[in-house]
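Source file input.txt; content: compact mmCIF, C-alpha atoms.
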# COMPACT_ATOMS: atom_id res chain seq x y z
CA MET A 1156 101.74 28.01 5.61
CA VAL A 1157 103.54 30.51 7.84
CA LEU A 1158 103.51 29.27 11.43
CA GLY A 1159 103.31 31.40 14.56
CA VAL A 1160 101.26 34.23 13.04
CA ARG A 1161 98.05 35.45 14.68
CA LEU A 1162 95.97 37.94 12.72
CA GLY A 1163 92.86 39.83 13.71
CA THR A 1164 91.30 43.25 13.89
CA GLN A 1165 91.36 46.25 16.17
CA GLY A 1166 88.10 45.76 18.01
CA TRP A 1167 85.10 43.58 17.21
CA ASN A 1168 81.94 45.54 18.03
CA HIS A 1169 81.35 47.45 14.79
CA PRO A 1170 77.67 47.69 13.73
CA ASN A 1171 78.65 48.04 10.04
CA TRP A 1172 80.03 44.51 10.16
CA VAL A 1173 76.55 43.05 10.66
CA GLY A 1174 75.70 41.55 7.28
CA PRO A 1175 79.14 41.66 5.60
CA PHE A 1176 80.86 39.81 8.46
CA TYR A 1177 78.44 39.00 11.28
CA PRO A 1178 75.21 37.19 10.39
CA PRO A 1179 72.22 39.54 9.88
CA GLY A 1180 70.53 40.34 13.17
CA THR A 1181 73.64 39.72 15.32
CA ARG A 1182 73.37 41.52 18.65
CA ALA A 1183 76.28 43.49 20.11
CA ARG A 1184 76.54 41.10 23.05
CA ASP A 1185 77.09 38.16 20.66
CA MET A 1186 79.70 39.77 18.43
CA LEU A 1187 82.81 38.67 20.30
CA ARG A 1188 81.62 35.06 20.43
CA ILE A 1189 81.08 35.03 16.67
CA TYR A 1190 84.27 37.01 15.97
CA ALA A 1191 86.28 34.32 17.73
CA ARG A 1192 85.11 31.77 15.17
CA GLY A 1193 86.85 33.75 12.44
CA PHE A 1194 89.99 35.02 14.18
CA ASP A 1195 92.05 33.75 17.08
CA THR A 1196 93.20 37.15 18.34
CA VAL A 1197 91.90 40.70 18.75
CA GLU A 1198 93.34 44.04 19.83
CA VAL A 1199 91.23 45.77 22.48
CA ASP A 1200 91.10 49.55 22.07
CA SER A 1201 88.74 50.35 24.95
CA THR A 1202 91.46 49.80 27.56
CA PHE A 1203 93.18 52.89 26.15
CA TYR A 1204 90.37 55.00 27.60
CA ALA A 1205 89.88 53.29 30.96
CA ILE A 1206 90.75 50.15 32.89
CA PRO A 1207 87.67 47.93 32.53
CA ALA A 1208 85.90 46.35 35.49
CA GLU A 1209 86.94 42.79 36.28
CA VAL A 1210 83.47 41.52 35.34
CA ILE A 1211 83.93 42.90 31.83
CA VAL A 1212 87.33 41.26 31.41
CA ARG A 1213 85.89 37.95 32.58
CA SER A 1214 83.01 38.31 30.13
CA TRP A 1215 85.51 38.57 27.28
CA LEU A 1216 87.18 35.39 28.44
CA GLU A 1217 83.87 33.56 28.77
CA SER A 1218 82.83 34.57 25.23
CA VAL A 1219 85.69 32.88 23.39
CA PRO A 1220 87.08 29.35 23.10
CA GLU A 1221 90.43 28.34 24.49
CA GLY A 1222 93.28 29.57 22.33
CA VAL A 1223 91.95 33.04 21.52
CA VAL A 1224 94.33 35.79 22.60
CA PHE A 1225 93.57 39.39 23.58
CA SER A 1226 96.14 42.15 23.04
CA LEU A 1227 95.36 45.31 24.97
CA LYS A 1228 96.32 48.96 24.77
CA VAL A 1229 97.82 50.55 27.88
CA PRO A 1230 95.63 53.40 29.22
CA GLN A 1231 96.17 56.85 27.79
CA GLU A 1232 96.53 58.22 31.31
CA ILE A 1233 99.87 56.42 31.41
CA THR A 1234 101.05 57.16 27.86
CA HIS A 1235 99.52 60.50 26.91
CA GLU A 1236 98.52 62.30 30.10
CA ARG A 1237 101.34 61.40 32.48
CA ARG A 1238 103.81 60.62 29.67
CA LEU A 1239 105.18 57.55 31.48
CA VAL A 1240 106.13 59.47 34.63
CA GLY A 1241 104.76 58.58 38.06
CA VAL A 1242 102.60 55.77 36.71
CA GLU A 1243 103.77 52.79 38.78
CA ALA A 1244 100.57 52.33 40.79
CA LEU A 1245 98.31 52.79 37.77
CA LEU A 1246 100.37 50.38 35.68
CA HIS A 1247 100.27 47.81 38.46
CA ARG A 1248 96.47 48.10 38.63
CA PHE A 1249 96.18 47.74 34.87
CA CYS A 1250 98.41 44.66 34.80
CA ALA A 1251 96.56 43.04 37.69
CA ARG A 1252 93.24 43.53 35.91
CA MET A 1253 94.49 42.22 32.58
CA GLY A 1254 96.14 39.29 34.30
CA VAL A 1255 92.63 37.91 34.82
CA LEU A 1256 92.85 36.74 31.20
CA GLY A 1257 95.56 34.25 32.07
CA PRO A 1258 96.79 32.31 28.99
CA ALA A 1259 94.43 34.39 26.82
CA LEU A 1260 96.48 37.52 27.50
CA GLY A 1261 98.57 38.65 24.55
CA PRO A 1262 100.98 41.59 24.32
CA LEU A 1263 100.28 44.91 26.03
CA LEU A 1264 100.68 47.85 23.66
CA VAL A 1265 102.21 51.12 24.84
CA GLN A 1266 101.05 53.56 22.18
CA LEU A 1267 102.90 56.86 22.58
CA SER A 1268 101.55 60.21 21.48
CA PRO A 1269 102.85 62.00 18.34
CA ALA A 1270 103.63 64.82 20.79
CA PHE A 1271 106.06 62.54 22.65
CA HIS A 1272 109.25 63.72 20.96
CA PRO A 1273 112.66 62.05 21.34
CA ASN A 1274 114.20 64.74 23.53
CA ALA A 1275 116.42 64.11 26.55
CA GLY A 1276 113.63 64.28 29.11
CA ASN A 1277 111.37 61.90 27.24
CA ARG A 1278 114.22 59.48 26.60
CA GLU A 1279 114.92 59.38 30.31
CA ALA A 1280 111.22 58.82 31.04
CA LEU A 1281 111.04 56.01 28.49
CA ARG A 1282 114.09 54.26 29.89
CA ALA A 1283 112.83 54.47 33.47
CA PHE A 1284 109.41 53.19 32.39
CA ILE A 1285 110.75 50.22 30.43
CA GLU A 1286 113.13 49.29 33.23
CA THR A 1287 110.16 48.88 35.59
CA LEU A 1288 107.83 46.93 33.27
CA PRO A 1289 106.72 43.63 34.85
CA GLY A 1290 108.69 40.92 33.10
CA GLU A 1291 105.91 38.33 33.17
CA PHE A 1292 104.01 40.25 30.47
CA ARG A 1293 104.82 40.79 26.80
CA TRP A 1294 105.21 44.48 25.92
CA ALA A 1295 105.22 46.38 22.64
CA VAL A 1296 105.85 50.10 22.15
CA GLU A 1297 104.52 52.14 19.24
CA PHE A 1298 106.30 55.41 18.47
CA ARG A 1299 104.71 58.11 16.34
CA GLN A 1300 107.84 60.17 15.80
CA PRO A 1301 110.47 58.74 13.40
CA GLY A 1302 113.27 60.22 15.51
CA TRP A 1303 112.71 57.47 18.05
CA LEU A 1304 113.78 54.76 15.62
CA ASP A 1305 117.49 55.01 16.33
CA ALA A 1306 120.13 52.72 17.82
CA GLU A 1307 119.63 54.04 21.36
CA THR A 1308 115.93 53.19 21.38
CA LEU A 1309 116.29 49.84 19.65
CA ASP A 1310 119.06 48.76 22.02
CA LEU A 1311 116.87 49.69 25.00
CA LEU A 1312 113.97 47.64 23.68
CA ARG A 1313 116.20 44.64 22.97
CA GLN A 1314 117.70 44.79 26.43
CA TYR A 1315 114.27 44.27 27.98
CA ASN A 1316 112.73 42.08 25.26
CA VAL A 1317 110.18 44.76 24.32
CA ALA A 1318 108.82 44.66 20.77
CA LEU A 1319 108.92 47.70 18.54
CA ALA A 1320 105.33 47.91 17.25
CA LEU A 1321 105.45 48.17 13.47
CA ALA A 1322 102.63 50.44 12.31
CA ASP A 1323 101.57 51.20 8.75
CA SER A 1324 100.18 54.66 9.43
CA ARG A 1325 100.51 58.35 8.62
CA TRP A 1326 103.08 59.03 11.32
CA ILE A 1327 106.14 57.16 10.03
CA LYS A 1328 106.87 56.27 6.41
CA ARG A 1329 106.10 52.69 5.48
CA GLY A 1330 109.56 52.10 4.03
CA LEU A 1331 111.25 52.97 7.32
CA VAL A 1332 108.85 50.77 9.28
CA LEU A 1333 109.47 47.83 6.95
CA GLU A 1334 113.21 48.29 7.48
CA MET A 1335 112.62 47.97 11.22
CA ALA A 1336 111.05 44.56 10.63
CA ILE A 1337 114.41 43.14 9.52
CA GLU A 1338 115.84 43.06 13.04
CA PRO A 1339 113.15 42.47 15.70
CA THR A 1340 113.77 43.79 19.20
CA ALA A 1341 111.96 40.98 21.04
CA ASP A 1342 111.15 37.29 20.74
CA PHE A 1343 107.75 38.23 19.29
CA ALA A 1344 106.59 40.88 16.83
CA TYR A 1345 103.62 43.25 16.84
CA VAL A 1346 102.18 44.79 13.67
CA ARG A 1347 99.37 47.34 13.25
CA TRP A 1348 97.76 48.40 9.97
CA MET A 1349 96.20 51.81 10.59
CA GLY A 1350 95.85 53.75 7.32
CA GLU A 1351 97.09 57.17 6.34
CA GLY A 1352 94.65 59.64 7.83
CA ARG A 1353 91.54 59.54 5.66
CA ARG A 1354 88.42 59.21 7.78
CA LEU A 1355 86.11 56.49 6.54
CA THR A 1356 82.72 56.12 8.21
CA ASP A 1357 81.29 53.10 6.40
CA PHE A 1358 83.07 49.97 7.56
CA SER A 1359 80.97 47.46 5.64
CA ARG A 1360 83.30 46.95 2.66
CA VAL A 1361 86.81 47.43 1.35
CA GLN A 1362 87.07 50.93 -0.14
CA VAL A 1363 90.81 51.54 -0.42
CA ASP A 1364 93.00 49.47 -2.74
CA ARG A 1365 96.12 48.50 -0.81
CA GLU A 1366 96.94 45.29 -2.63
CA GLN A 1367 100.58 46.27 -3.21
CA GLU A 1368 101.09 47.39 0.38
CA VAL A 1369 99.49 44.22 1.75
CA ALA A 1370 101.75 42.13 -0.50
CA ALA A 1371 104.83 43.97 0.81
CA TRP A 1372 103.69 43.43 4.37
CA GLY A 1373 103.05 39.77 3.62
CA GLN A 1374 106.73 39.36 2.80
CA ALA A 1375 107.70 41.25 5.96
CA VAL A 1376 105.48 39.09 8.15
CA ARG A 1377 106.91 35.93 6.59
CA SER A 1378 110.38 37.19 7.38
CA LEU A 1379 109.41 38.15 10.93
CA ALA A 1380 107.87 34.74 11.55
CA GLY A 1381 111.22 33.16 10.78
CA ARG A 1382 112.99 35.36 13.34
CA VAL A 1383 110.60 35.38 16.31
CA GLY A 1384 108.40 32.92 18.14
CA ALA A 1385 105.12 34.68 17.40
CA VAL A 1386 103.74 37.51 15.29
CA PHE A 1387 100.60 39.41 16.32
CA GLY A 1388 98.97 41.58 13.66
CA TYR A 1389 95.84 43.75 13.75
CA PHE A 1390 93.99 45.68 11.06
CA ASN A 1391 92.06 48.90 11.62
CA ASN A 1392 88.91 49.67 9.63
CA GLN A 1393 90.59 52.84 8.36
CA TYR A 1394 93.24 50.83 6.55
CA GLN A 1395 90.95 49.65 3.75
CA GLY A 1396 87.46 50.21 5.05
CA HIS A 1397 86.60 46.75 6.40
CA SER A 1398 89.26 45.20 8.61
CA PRO A 1399 87.93 41.63 8.63
CA GLU A 1400 88.49 41.40 4.89
CA SER A 1401 91.95 42.99 5.25
CA ALA A 1402 92.87 40.36 7.83
CA ARG A 1403 91.53 37.56 5.63
CA ALA A 1404 93.53 38.86 2.66
CA MET A 1405 96.70 38.66 4.75
CA GLN A 1406 95.76 35.19 5.93
CA ARG A 1407 95.45 34.07 2.31
CA LEU A 1408 98.84 35.54 1.43
CA LEU A 1409 100.44 33.64 4.28
CA GLY A 1410 98.64 30.37 3.59
CA LEU A 1411 96.68 30.52 6.85
CA ASP A 1412 93.21 29.11 7.33
CA VAL A 1413 90.50 31.59 6.34
CA VAL A 1414 86.97 31.42 7.76
CA PRO A 1415 84.58 33.18 5.35
CA PRO A 1416 81.55 35.10 6.66
CA GLU A 1417 79.08 32.55 5.30
CA LEU A 1418 80.69 29.85 7.44
CA LEU A 1419 80.34 32.06 10.52
CA GLN A 1420 76.64 32.24 9.78
CA GLU A 1421 76.36 28.48 9.44
CA GLN A 1422 78.19 27.97 12.71
CA VAL A 1423 76.12 30.45 14.68
CA GLU A 1424 72.91 28.69 13.62
CA LEU A 1425 74.07 25.68 15.63
CA PHE A 1426 73.42 27.56 18.88
Mind converting the file's structure to structure tokens?
Amino acid sequence: MVLGVRLGTQGWNHPNWVGPFYPPGTRARDMLRIYARGFDTVEVDSTFYAIPAEVIVRSWLESVPEGVVFSLKVPQEITHERRLVGVEALLHRFCARMGVLGPALGPLLVQLSPAFHPNAGNREALRAFIETLPGEFRWAVEFRQPGWLDAETLDLLRQYNVALALADSRWIKRGLVLEMAIEPTADFAYVRWMGEGRRLTDFSRVQVDREQEVAAWGQAVRSLAGRVGAVFGYFNNQYQGHSPESARAMQRLLGLDVVPPELLQEQVELF
């Protein structure tokens, strides 16, 4: 068993999961509670679009048992619209709201736009932004331009204990991303499995064979776990078609406990 690895999915409220993952008849309001019986972490995508009300954040916390961790995406107003410039007040408001989660708060993901190129102005903006990040939170940055993955960027991230988010996606070649896993930039690691651009609409089953890629990533995650204190990894539906099964496949590779859908159904009947 590989210790220190938390695996989950990007989001939990997918209607196509009712039946294959959630028990038949599961209501949207019950999905997170049931999800937390199968996985101990989740990446929240909705925070990318807006800072949620405090009552919503508290409802997440109240829906899961102790030990479940939420990783959250930084709002696009910070990353895509303002491009990291003049965002201090907004970032402070976001952090204060997410701080409501307390020990259930995982890393905060700064996902940069593919249009955020590694030119002099953007490098200056990135440095100024990272220098002002509140140190009491864990931060990860995802770049979508391979030119960012150079010594200057990696040294900056290491200086402030910010993780380079490792994403299997269409923006940067998998081989280069796997190379980046050899030398982590923080005392934790953050991995995202996104897919390569095809647009699936049915998320009820695995539709893309990525057995070889998952095996390669399994080795990388094992290696990461030996170098950092914690690894957080999240699968998107677009990666194979049904992210719960992708996450379970990785759990099996790493010797982690796997909760099958039929057990979720048995457990929910206790309520």
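Candidate residues A:Pro1416, A:Leu1256, A:Glu1217, A:Phe1271 were compared for distance to Glu1236 in chain A, and the nearest is A:Phe1271, using all atoms listed in the file.
One distance worth recording is that between CA of Val1255 in chain A and CA of Phe1203 in chain A, which is 17.3 Å.
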Ser1378 in chain A surroundings by only C-alpha atoms, 12 Å radius, close-in-sequence under 2 positions cut, as a ChimeraX atom specification: /A:1157-1160,1333-1339,1344,1371-1376,1380-1386,1409
Polymer residues at most 8 Å from range 1168-1185 of chain A, all atoms listed in the file, same-chain spacing of 6 or more positions, as a VMD selection string: chain A and resid 1357 to 1360 1397 1399 1416 to 1417 1419 to 1420
Of the listed residues A:Gln1406, A:Gln1314, A:Ser1214, A:Gln1165, that which approaches Glu1286 in chain A most closely, counting all atoms listed in the file: A:Gln1314
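In this structure, CA of Arg1353 in chain A sits 7.3 Å away from CA of Gln1393 in chain A.
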Contacts of range 1227-1233 of chain A at 9 Å (all atoms listed in the file; same-chain gap of 2+ positions) as a PyMOL selection string: chain A and resi 1197-1206+1225+1235-1242+1245-1246+1249+1253+1260-1268
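For the pair CA of Gly1330 in chain A and CA of Thr1356 in chain A, the interatomic distance is 27.5 Å.
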Surrounding residues of Leu1311 in chain A excluding itself and chain neighbours under 2 positions, 10 Å, all atoms listed in the file, as a list in words: Leu1281, Arg1282, Ile1285, Glu1286, Ala1306, Glu1307, Thr1308, Leu1309, Arg1313, Gln1314, Tyr1315, Asn1316, Val1317 and Thr1340 of chain A
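With distances restricted to all atoms listed in the file, A:Arg1299 is the closest residue to Lys1328 in chain A from A:Arg1365, A:Arg1354, A:Arg1347, A:Arg1299.
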Within-12 Å shell of (92.8, 44.1, -3.4) in input frame, all atoms listed in the file, as a PyMOL selection string: chain A and resi 1360-1370+1395-1397+1400-1405+1407-1408
Sphere at (98.7, 49.7, 9.2), radius 7 Å, counting all atoms listed in the file: residues as a PyMOL selection string: chain A and resi 1322-1324+1347-1350+1390+1394
Output of the above residues as a PDB file, keeping the file's coordinate frame, restricted to C-alpha atoms:
ATOM      1  CA  ALA A1322     102.630  50.440  12.310  1.00  0.00           C
ATOM      2  CA  ASP A1323     101.570  51.200   8.750  1.00  0.00           C
ATOM      3  CA  SER A1324     100.180  54.660   9.430  1.00  0.00           C
ATOM      4  CA  ARG A1347      99.370  47.340  13.250  1.00  0.00           C
ATOM      5  CA  TRP A1348      97.760  48.400   9.970  1.00  0.00           C
ATOM      6  CA  MET A1349      96.200  51.810  10.590  1.00  0.00           C
ATOM      7  CA  GLY A1350      95.850  53.750   7.320  1.00  0.00           C
ATOM      8  CA  PHE A1390      93.990  45.680  11.060  1.00  0.00           C
ATOM      9  CA  TYR A1394      93.240  50.830   6.550  1.00  0.00           C
TER      10      TYR A1394
END
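With distances taken over all atoms listed in the file, A:Pro1258 is the one residue among A:Gly1276, A:Pro1258, A:Pro1269, A:Pro1207 lying closest to Arg1293 in chain A.
Distances from A:Tyr1389, A:Thr1287, A:Trp1326, A:Ala1318 to Gly1302 in chain A were compared using only C-alpha atoms, and the smallest one belongs to A:Trp1326.
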For Leu1187 in chain A: contacts at 8 Å, only C-alpha atoms, fewer than 2 positions along chain excluded, given as a list in words: Trp1167, Asn1168, Arg1184, Asp1185, Ile1189, Tyr1190, Ala1191, Trp1215, Ser1218 and Val1219 of chain A
Nearest candidate to Val1224 in chain A (options A:Arg1188, A:Gly1257, A:His1247, A:Asp1412; using all atoms listed in the file): A:Gly1257
Rebuild N, CA, C and O atoms on range 1302-1317 of chain A, as a PDB file, in the frame of the given file?
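part.pdb, written as the output of this step:
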ATOM      1  N   GLY A1302     112.013  60.021  14.811  1.00  0.00           N
ATOM      2  CA  GLY A1302     113.270  60.220  15.510  1.00  0.00           C
ATOM      3  C   GLY A1302     113.550  59.210  16.599  1.00  0.00           C
ATOM      4  O   GLY A1302     114.703  59.054  17.032  1.00  0.00           O
ATOM      5  N   TRP A1303     112.514  58.495  17.031  1.00  0.00           N
ATOM      6  CA  TRP A1303     112.710  57.470  18.050  1.00  0.00           C
ATOM      7  C   TRP A1303     113.371  56.213  17.500  1.00  0.00           C
ATOM      8  O   TRP A1303     113.933  55.420  18.258  1.00  0.00           O
ATOM      9  N   LEU A1304     113.308  56.024  16.203  1.00  0.00           N
ATOM     10  CA  LEU A1304     113.780  54.760  15.620  1.00  0.00           C
ATOM     11  C   LEU A1304     115.278  54.809  15.358  1.00  0.00           C
ATOM     12  O   LEU A1304     115.746  54.708  14.228  1.00  0.00           O
ATOM     13  N   ASP A1305     116.036  54.950  16.437  1.00  0.00           N
ATOM     14  CA  ASP A1305     117.490  55.010  16.330  1.00  0.00           C
ATOM     15  C   ASP A1305     118.109  53.904  17.182  1.00  0.00           C
ATOM     16  O   ASP A1305     117.408  53.146  17.865  1.00  0.00           O
ATOM     17  N   ALA A1306     119.426  53.807  17.130  1.00  0.00           N
ATOM     18  CA  ALA A1306     120.130  52.720  17.820  1.00  0.00           C
ATOM     19  C   ALA A1306     119.886  52.744  19.319  1.00  0.00           C
ATOM     20  O   ALA A1306     119.733  51.682  19.952  1.00  0.00           O
ATOM     21  N   GLU A1307     119.834  53.942  19.908  1.00  0.00           N
ATOM     22  CA  GLU A1307     119.630  54.040  21.360  1.00  0.00           C
ATOM     23  C   GLU A1307     118.306  53.407  21.777  1.00  0.00           C
ATOM     24  O   GLU A1307     118.243  52.615  22.734  1.00  0.00           O
ATOM     25  N   THR A1308     117.246  53.739  21.055  1.00  0.00           N
ATOM     26  CA  THR A1308     115.930  53.190  21.380  1.00  0.00           C
ATOM     27  C   THR A1308     115.879  51.694  21.135  1.00  0.00           C
ATOM     28  O   THR A1308     115.391  50.923  21.975  1.00  0.00           O
ATOM     29  N   LEU A1309     116.357  51.263  19.980  1.00  0.00           N
ATOM     30  CA  LEU A1309     116.290  49.840  19.650  1.00  0.00           C
ATOM     31  C   LEU A1309     117.099  48.999  20.622  1.00  0.00           C
ATOM     32  O   LEU A1309     116.677  47.904  21.010  1.00  0.00           O
ATOM     33  N   ASP A1310     118.253  49.496  21.032  1.00  0.00           N
ATOM     34  CA  ASP A1310     119.060  48.760  22.020  1.00  0.00           C
ATOM     35  C   ASP A1310     118.329  48.645  23.346  1.00  0.00           C
ATOM     36  O   ASP A1310     118.397  47.603  24.015  1.00  0.00           O
ATOM     37  N   LEU A1311     117.640  49.717  23.744  1.00  0.00           N
ATOM     38  CA  LEU A1311     116.870  49.690  25.000  1.00  0.00           C
ATOM     39  C   LEU A1311     115.770  48.640  24.920  1.00  0.00           C
ATOM     40  O   LEU A1311     115.593  47.843  25.851  1.00  0.00           O
ATOM     41  N   LEU A1312     115.047  48.611  23.822  1.00  0.00           N
ATOM     42  CA  LEU A1312     113.970  47.640  23.680  1.00  0.00           C
ATOM     43  C   LEU A1312     114.513  46.214  23.690  1.00  0.00           C
ATOM     44  O   LEU A1312     113.935  45.325  24.339  1.00  0.00           O
ATOM     45  N   ARG A1313     115.612  45.990  22.991  1.00  0.00           N
ATOM     46  CA  ARG A1313     116.200  44.640  22.970  1.00  0.00           C
ATOM     47  C   ARG A1313     116.659  44.198  24.356  1.00  0.00           C
ATOM     48  O   ARG A1313     116.520  43.033  24.724  1.00  0.00           O
ATOM     49  N   GLN A1314     117.203  45.123  25.103  1.00  0.00           N
ATOM     50  CA  GLN A1314     117.700  44.790  26.430  1.00  0.00           C
ATOM     51  C   GLN A1314     116.603  44.217  27.320  1.00  0.00           C
ATOM     52  O   GLN A1314     116.851  43.327  28.148  1.00  0.00           O
ATOM     53  N   TYR A1315     115.379  44.703  27.127  1.00  0.00           N
ATOM     54  CA  TYR A1315     114.270  44.270  27.980  1.00  0.00           C
ATOM     55  C   TYR A1315     113.234  43.422  27.232  1.00  0.00           C
ATOM     56  O   TYR A1315     112.141  43.207  27.739  1.00  0.00           O
ATOM     57  N   ASN A1316     113.600  42.937  26.053  1.00  0.00           N
ATOM     58  CA  ASN A1316     112.730  42.080  25.260  1.00  0.00           C
ATOM     59  C   ASN A1316     111.362  42.731  25.000  1.00  0.00           C
ATOM     60  O   ASN A1316     110.306  42.102  25.115  1.00  0.00           O
ATOM     61  N   VAL A1317     111.381  44.003  24.651  1.00  0.00           N
ATOM     62  CA  VAL A1317     110.180  44.760  24.320  1.00  0.00           C
ATOM     63  C   VAL A1317     110.107  44.905  22.806  1.00  0.00           C
ATOM     64  O   VAL A1317     111.081  45.299  22.160  1.00  0.00           O
TER      65      VAL A1317
END
